[in-house]
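Have a look at query-v1.pdb below; it lists PDB, C-alpha atoms, pLDDT in the B column.
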```pdb
ATOM      1  CA  MET J 540      13.759 -51.517  58.525  1.00 48.00           C
ATOM      2  CA  VAL J 541      11.311 -52.045  55.637  1.00 47.00           C
ATOM      3  CA  CYS J 542       9.189 -49.162  56.969  1.00 44.00           C
ATOM      4  CA  ALA J 543      12.223 -46.891  57.156  1.00 48.00           C
ATOM      5  CA  ALA J 544      13.228 -47.717  53.561  1.00 46.00           C
ATOM      6  CA  ALA J 545       9.683 -47.157  52.282  1.00 45.00           C
ATOM      7  CA  PHE J 546       9.488 -43.880  54.214  1.00 44.00           C
ATOM      8  CA  SER J 547      12.785 -42.585  52.783  1.00 47.00           C
ATOM      9  CA  LEU J 548      11.709 -43.579  49.239  1.00 43.00           C
ATOM     10  CA  LEU J 549       8.367 -41.819  49.718  1.00 44.00           C
ATOM     11  CA  ALA J 550      10.113 -38.743  51.128  1.00 46.00           C
ATOM     12  CA  ALA J 551      12.542 -38.661  48.214  1.00 48.00           C
ATOM     13  CA  VAL J 552       9.726 -38.890  45.670  1.00 47.00           C
ATOM     14  CA  SER J 553       7.403 -36.416  47.400  1.00 49.00           C
ATOM     15  CA  CYS J 554      10.169 -33.877  48.068  1.00 49.00           C
ATOM     16  CA  LYS J 555      11.030 -33.666  44.376  1.00 52.00           C
ATOM     17  CA  LYS J 556      11.647 -30.061  43.451  1.00 55.00           C
ATOM     18  CA  ASP J 557       9.492 -28.602  40.653  1.00 55.00           C
ATOM     19  CA  VAL J 558      11.784 -27.381  37.897  1.00 54.00           C
ATOM     20  CA  PRO J 559      10.244 -24.864  35.499  1.00 57.00           C
ATOM     21  CA  ASN J 560      10.162 -25.894  31.848  1.00 58.00           C
ATOM     22  CA  THR J 561      12.792 -23.767  30.134  1.00 60.00           C
ATOM     23  CA  ALA J 562      12.402 -25.325  26.703  1.00 56.00           C
ATOM     24  CA  PRO J 563      11.700 -22.718  24.038  1.00 58.00           C
ATOM     25  CA  ALA J 564       8.163 -22.495  22.691  1.00 57.00           C
ATOM     26  CA  PRO J 565       7.680 -24.207  19.344  1.00 58.00           C
ATOM     27  CA  VAL J 566       8.287 -21.867  16.429  1.00 56.00           C
ATOM     28  CA  GLU J 567       5.645 -21.803  13.730  1.00 58.00           C
ATOM     29  CA  LYS J 568       7.113 -22.376  10.312  1.00 58.00           C
ATOM     30  CA  ALA J 569       6.264 -19.819   7.678  1.00 58.00           C
ATOM     31  CA  ARG J 570       4.008 -21.284   5.031  1.00 64.00           C
ATOM     32  CA  GLU J 571       5.856 -21.616   1.795  1.00 66.00           C
ATOM     33  CA  VAL J 572       3.789 -20.428  -1.133  1.00 66.00           C
ATOM     34  CA  VAL J 573       4.223 -22.602  -4.187  1.00 76.00           C
ATOM     35  CA  LEU J 574       3.410 -20.808  -7.407  1.00 83.00           C
ATOM     36  CA  THR J 575       1.835 -22.844 -10.164  1.00 87.00           C
ATOM     37  CA  GLN J 576       3.785 -22.794 -13.415  1.00 93.00           C
ATOM     38  CA  ASN J 577       2.200 -22.881 -16.854  1.00 94.00           C
ATOM     39  CA  ILE J 578       2.563 -21.385 -20.319  1.00 94.00           C
ATOM     40  CA  LEU J 579       1.677 -17.879 -19.054  1.00 96.00           C
ATOM     41  CA  THR J 580       4.057 -17.860 -16.085  1.00 95.00           C
ATOM     42  CA  ARG J 581       6.950 -19.109 -18.230  1.00 96.00           C
ATOM     43  CA  ASN J 582       6.476 -16.537 -21.010  1.00 96.00           C
ATOM     44  CA  VAL J 583       6.157 -13.077 -19.442  1.00 96.00           C
ATOM     45  CA  GLY J 584       7.014 -10.402 -21.997  1.00 97.00           C
ATOM     46  CA  LYS J 585       6.286 -12.657 -24.971  1.00 98.00           C
ATOM     47  CA  TYR J 586       3.334 -12.384 -27.331  1.00 97.00           C
ATOM     48  CA  PRO J 587       0.585 -15.033 -27.031  1.00 97.00           C
ATOM     49  CA  THR J 588       0.733 -15.648 -30.790  1.00 95.00           C
ATOM     50  CA  ASP J 589       4.520 -16.220 -30.693  1.00 96.00           C
ATOM     51  CA  ILE J 590       4.205 -18.933 -28.016  1.00 97.00           C
ATOM     52  CA  LYS J 591       1.103 -20.490 -29.630  1.00 96.00           C
ATOM     53  CA  LEU J 592      -0.894 -19.921 -26.446  1.00 97.00           C
ATOM     54  CA  PHE J 593      -4.012 -21.764 -27.565  1.00 97.00           C
ATOM     55  CA  GLU J 594      -2.059 -24.864 -28.576  1.00 96.00           C
ATOM     56  CA  ASP J 595      -1.149 -25.503 -24.937  1.00 96.00           C
ATOM     57  CA  GLN J 596      -3.316 -28.482 -23.928  1.00 96.00           C
ATOM     58  CA  GLU J 597      -3.569 -27.693 -20.188  1.00 95.00           C
ATOM     59  CA  LEU J 598      -4.614 -24.082 -20.777  1.00 96.00           C
ATOM     60  CA  THR J 599      -7.013 -25.037 -23.569  1.00 97.00           C
ATOM     61  CA  ASP J 600      -8.715 -27.774 -21.542  1.00 97.00           C
ATOM     62  CA  ARG J 601      -9.248 -25.540 -18.534  1.00 97.00           C
ATOM     63  CA  LEU J 602     -10.504 -22.556 -20.537  1.00 98.00           C
ATOM     64  CA  LYS J 603     -12.888 -24.718 -22.612  1.00 98.00           C
ATOM     65  CA  LYS J 604     -14.329 -26.240 -19.441  1.00 97.00           C
ATOM     66  CA  MET J 605     -14.815 -22.775 -17.928  1.00 97.00           C
ATOM     67  CA  MET J 606     -16.094 -20.949 -21.037  1.00 98.00           C
ATOM     68  CA  GLY J 607     -17.980 -23.621 -22.949  1.00 97.00           C
ATOM     69  CA  ALA J 608     -18.959 -22.589 -26.487  1.00 94.00           C
ATOM     70  CA  ASP J 609     -17.599 -19.055 -25.973  1.00 96.00           C
ATOM     71  CA  TYR J 610     -14.029 -20.426 -25.992  1.00 98.00           C
ATOM     72  CA  ASP J 611     -13.952 -20.859 -29.790  1.00 97.00           C
ATOM     73  CA  GLU J 612     -15.185 -17.300 -30.351  1.00 96.00           C
ATOM     74  CA  MET J 613     -12.442 -15.956 -28.073  1.00 97.00           C
ATOM     75  CA  VAL J 614      -9.713 -17.866 -29.922  1.00 97.00           C
ATOM     76  CA  LYS J 615     -11.095 -16.703 -33.288  1.00 97.00           C
ATOM     77  CA  ASN J 616     -11.009 -13.041 -32.158  1.00 96.00           C
ATOM     78  CA  PHE J 617      -7.698 -13.102 -30.242  1.00 96.00           C
ATOM     79  CA  ASN J 618      -5.885 -11.416 -33.156  1.00 95.00           C
ATOM     80  CA  VAL J 619      -4.255  -8.188 -31.969  1.00 95.00           C
ATOM     81  CA  VAL J 620      -2.245  -9.043 -28.864  1.00 96.00           C
ATOM     82  CA  SER J 621       0.018  -7.478 -26.255  1.00 95.00           C
ATOM     83  CA  PRO J 622       2.898  -9.155 -24.408  1.00 97.00           C
ATOM     84  CA  ILE J 623       2.031 -11.293 -21.379  1.00 97.00           C
ATOM     85  CA  LYS J 624       2.258  -9.216 -18.186  1.00 97.00           C
ATOM     86  CA  THR J 625       2.410 -10.000 -14.481  1.00 96.00           C
ATOM     87  CA  GLU J 626       1.727  -8.186 -11.227  1.00 95.00           C
ATOM     88  CA  ASN J 627       1.658  -9.750  -7.735  1.00 94.00           C
ATOM     89  CA  ASP J 628       1.746 -13.330  -9.092  1.00 95.00           C
ATOM     90  CA  VAL J 629      -1.233 -12.673 -11.373  1.00 97.00           C
ATOM     91  CA  TYR J 630      -0.551 -13.059 -15.100  1.00 97.00           C
ATOM     92  CA  ARG J 631      -2.457 -11.603 -18.038  1.00 97.00           C
ATOM     93  CA  ALA J 632      -2.709 -12.335 -21.732  1.00 97.00           C
ATOM     94  CA  ASN J 633      -5.011 -10.167 -23.788  1.00 97.00           C
ATOM     95  CA  GLY J 634      -6.154  -9.859 -27.348  1.00 96.00           C
ATOM     96  CA  CYS J 635      -8.828  -8.269 -29.446  1.00 96.00           C
ATOM     97  CA  MET J 636     -10.578  -8.604 -32.775  1.00 95.00           C
ATOM     98  CA  GLN J 637      -8.529  -7.332 -35.696  1.00 95.00           C
ATOM     99  CA  HIS J 638      -9.851  -3.975 -36.980  1.00 95.00           C
ATOM    100  CA  ASN J 639     -12.427  -3.905 -34.141  1.00 94.00           C
ATOM    101  CA  CYS J 640     -10.769  -3.864 -30.732  1.00 91.00           C
ATOM    102  CA  PRO J 641     -13.586  -1.879 -29.121  1.00 90.00           C
ATOM    103  CA  GLY J 642     -16.046  -4.469 -30.424  1.00 94.00           C
ATOM    104  CA  TYR J 643     -14.333  -7.540 -28.948  1.00 97.00           C
ATOM    105  CA  TYR J 644     -11.578  -7.586 -26.319  1.00 96.00           C
ATOM    106  CA  ALA J 645     -10.513 -10.599 -24.227  1.00 97.00           C
ATOM    107  CA  PHE J 646      -8.436 -10.769 -21.045  1.00 97.00           C
ATOM    108  CA  ILE J 647      -7.120 -14.068 -19.675  1.00 98.00           C
ATOM    109  CA  TYR J 648      -5.973 -13.832 -16.056  1.00 97.00           C
ATOM    110  CA  PHE J 649      -4.102 -16.496 -14.118  1.00 97.00           C
ATOM    111  CA  ASP J 650      -3.485 -16.387 -10.351  1.00 97.00           C
ATOM    112  CA  ALA J 651      -0.356 -18.516  -9.789  1.00 96.00           C
ATOM    113  CA  LYS J 652      -0.795 -18.607  -5.988  1.00 96.00           C
ATOM    114  CA  ASN J 653      -4.235 -20.197  -6.264  1.00 96.00           C
ATOM    115  CA  ASP J 654      -3.927 -21.992  -9.623  1.00 96.00           C
ATOM    116  CA  ASN J 655      -6.995 -20.152 -10.882  1.00 97.00           C
ATOM    117  CA  PHE J 656      -8.084 -18.727 -14.261  1.00 98.00           C
ATOM    118  CA  ASN J 657     -10.525 -15.929 -15.028  1.00 98.00           C
ATOM    119  CA  VAL J 658     -11.487 -14.646 -18.471  1.00 98.00           C
ATOM    120  CA  LEU J 659     -13.170 -11.327 -19.202  1.00 97.00           C
ATOM    121  CA  ILE J 660     -14.743 -10.696 -22.592  1.00 97.00           C
ATOM    122  CA  ASP J 661     -15.705  -7.115 -23.466  1.00 96.00           C
ATOM    123  CA  ARG J 662     -18.213  -7.035 -26.347  1.00 96.00           C
ATOM    124  CA  ASP J 663     -19.026  -3.444 -27.261  1.00 95.00           C
ATOM    125  CA  GLY J 664     -18.706  -2.353 -23.615  1.00 93.00           C
ATOM    126  CA  LYS J 665     -20.656  -5.274 -22.131  1.00 96.00           C
ATOM    127  CA  VAL J 666     -18.314  -7.402 -20.019  1.00 96.00           C
ATOM    128  CA  LYS J 667     -18.882 -11.100 -19.364  1.00 97.00           C
ATOM    129  CA  GLU J 668     -16.766 -12.856 -16.729  1.00 97.00           C
ATOM    130  CA  TYR J 669     -15.801 -16.522 -16.637  1.00 98.00           C
ATOM    131  CA  ILE J 670     -14.514 -17.646 -13.246  1.00 98.00           C
ATOM    132  CA  GLU J 671     -12.809 -21.004 -12.732  1.00 97.00           C
ATOM    133  CA  LYS J 672     -12.523 -21.158  -8.915  1.00 97.00           C
ATOM    134  CA  ALA J 673     -12.792 -17.621  -7.534  1.00 97.00           C
ATOM    135  CA  LYS J 674     -12.693 -14.037  -8.780  1.00 97.00           C
ATOM    136  CA  ILE J 675      -9.081 -12.848  -9.145  1.00 97.00           C
ATOM    137  CA  GLU J 676      -8.184  -9.473  -7.668  1.00 94.00           C
ATOM    138  CA  VAL J 677      -6.367  -7.689 -10.478  1.00 93.00           C
ATOM    139  CA  GLY J 678      -3.902  -4.854  -9.866  1.00 89.00           C
ATOM    140  CA  GLU J 679      -4.069  -1.537 -11.710  1.00 86.00           C
ATOM    141  CA  GLU J 680      -1.194  -2.442 -14.048  1.00 86.00           C
ATOM    142  CA  LEU J 681      -3.089  -5.449 -15.396  1.00 89.00           C
ATOM    143  CA  LYS J 682      -6.358  -3.564 -15.850  1.00 83.00           C
ATOM    144  CA  THR J 683      -4.916  -1.336 -18.576  1.00 79.00           C
ATOM    145  CA  ARG J 684      -5.205  -2.387 -22.169  1.00 73.00           C
TER     146      ARG J 684
END
```
Now, as a test, write the supplied structure out as structure tokens.
Amino acid sequence: MVCAAAFSLLAAVSCKKDVPNTAPAPVEKAREVVLTQNILTRNVGKYPTDIKLFEDQELTDRLKKMMGADYDEMVKNFNVVSPIKTENDVYRANGCMQHNCPGYYAFIYFDAKNDNFNVLIDRDGKVKEYIEKAKIEVGEELKTR
């Protein structure tokens, strides 16, 4: 009797039918891109002088760290300005020396996707780049003065 019970239990377990897994495959979630906010991203269309751009502590600290002694020269010569622009989550503020734009022109770029600043200083046609984390790819709209 014990053998018969063990045999029927073994038969029941070994005769189990394989059922295919019909559960749906896991769906990959789309990565949500979080854009960093700062004084540039919050003031598109406004003039850097109107928003007191260089009085913003976060921006100032990061640019000073990146540019060193050249930061003060940029601020001193950031006189003639255009409104802050954006293209593809990259923001730009630019300014030049009063009465001598060809002699000194500065571009501040901010990539909101990567929380990254770049500054380009054009002194009489010689361009010097300051890169915080990586070089920012700038669209055609932001390359124009």
Can you tell me which residues surround segment 600-607 of chain J at a distance of at most 8 Å, considering all atoms listed in the file, apart from same-chain residues fewer than 4 positions away, and format the answer as a compact mmCIF listing (two decimals) with C-alpha atoms, in the frame of the given file?
```txt
# COMPACT_ATOMS: atom_id res chain seq x y z
CA GLN J 596 -3.32 -28.48 -23.93
CA PHE J 656 -8.08 -18.73 -14.26
CA TYR J 669 -15.80 -16.52 -16.64
CA ILE J 670 -14.51 -17.65 -13.25
CA GLU J 671 -12.81 -21.00 -12.73
```
Run the PyMOL selection byres ((chain J and resi 614-616) around 12) against the file shown and list the residues it catches, as number ranges by chain.
J: 587-588, 591-594, 599, 602-603, 606, 608-613, 617-620, 633-647, 660-662
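Take the candidates J:Leu598, J:Ala651, J:Ala632, J:Val666 and check each one against Gly584 of chain J using all atoms listed in the file; the shortest distance goes to J:Ala632.
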Could you jot down the atom CA of Lys674 of chain J to atom CA of Gln576 of chain J separation for me, Å, one decimal place?
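Taking atom CA of Lys674 of chain J as the start and atom CA of Gln576 of chain J as the end point, the length is 19.2 Å.
Residue neighbourhood of Phe649 of chain J, excluding near-sequence residues (fewer than 5 positions): Thr575, Asn577, Leu579, Thr580, Thr625, Asp628, Val629, Tyr630, Arg631, Ala632, Asp654, Asn655, Phe656, Asn657, Val658, Glu671, Ile675 and Val677 of chain J, at 10 Å, using only C-alpha atoms.
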Quote the spacing between atom CA of Asp595 of chain J and atom CA of Asn627 of chain J in Å to one decimal place.
23.5 Å
What does the structure give for the distance between atom CA of Lys665 of chain J and atom CA of Gly678 of chain J, in Å to one decimal?
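A separation of 20.8 Å between them.
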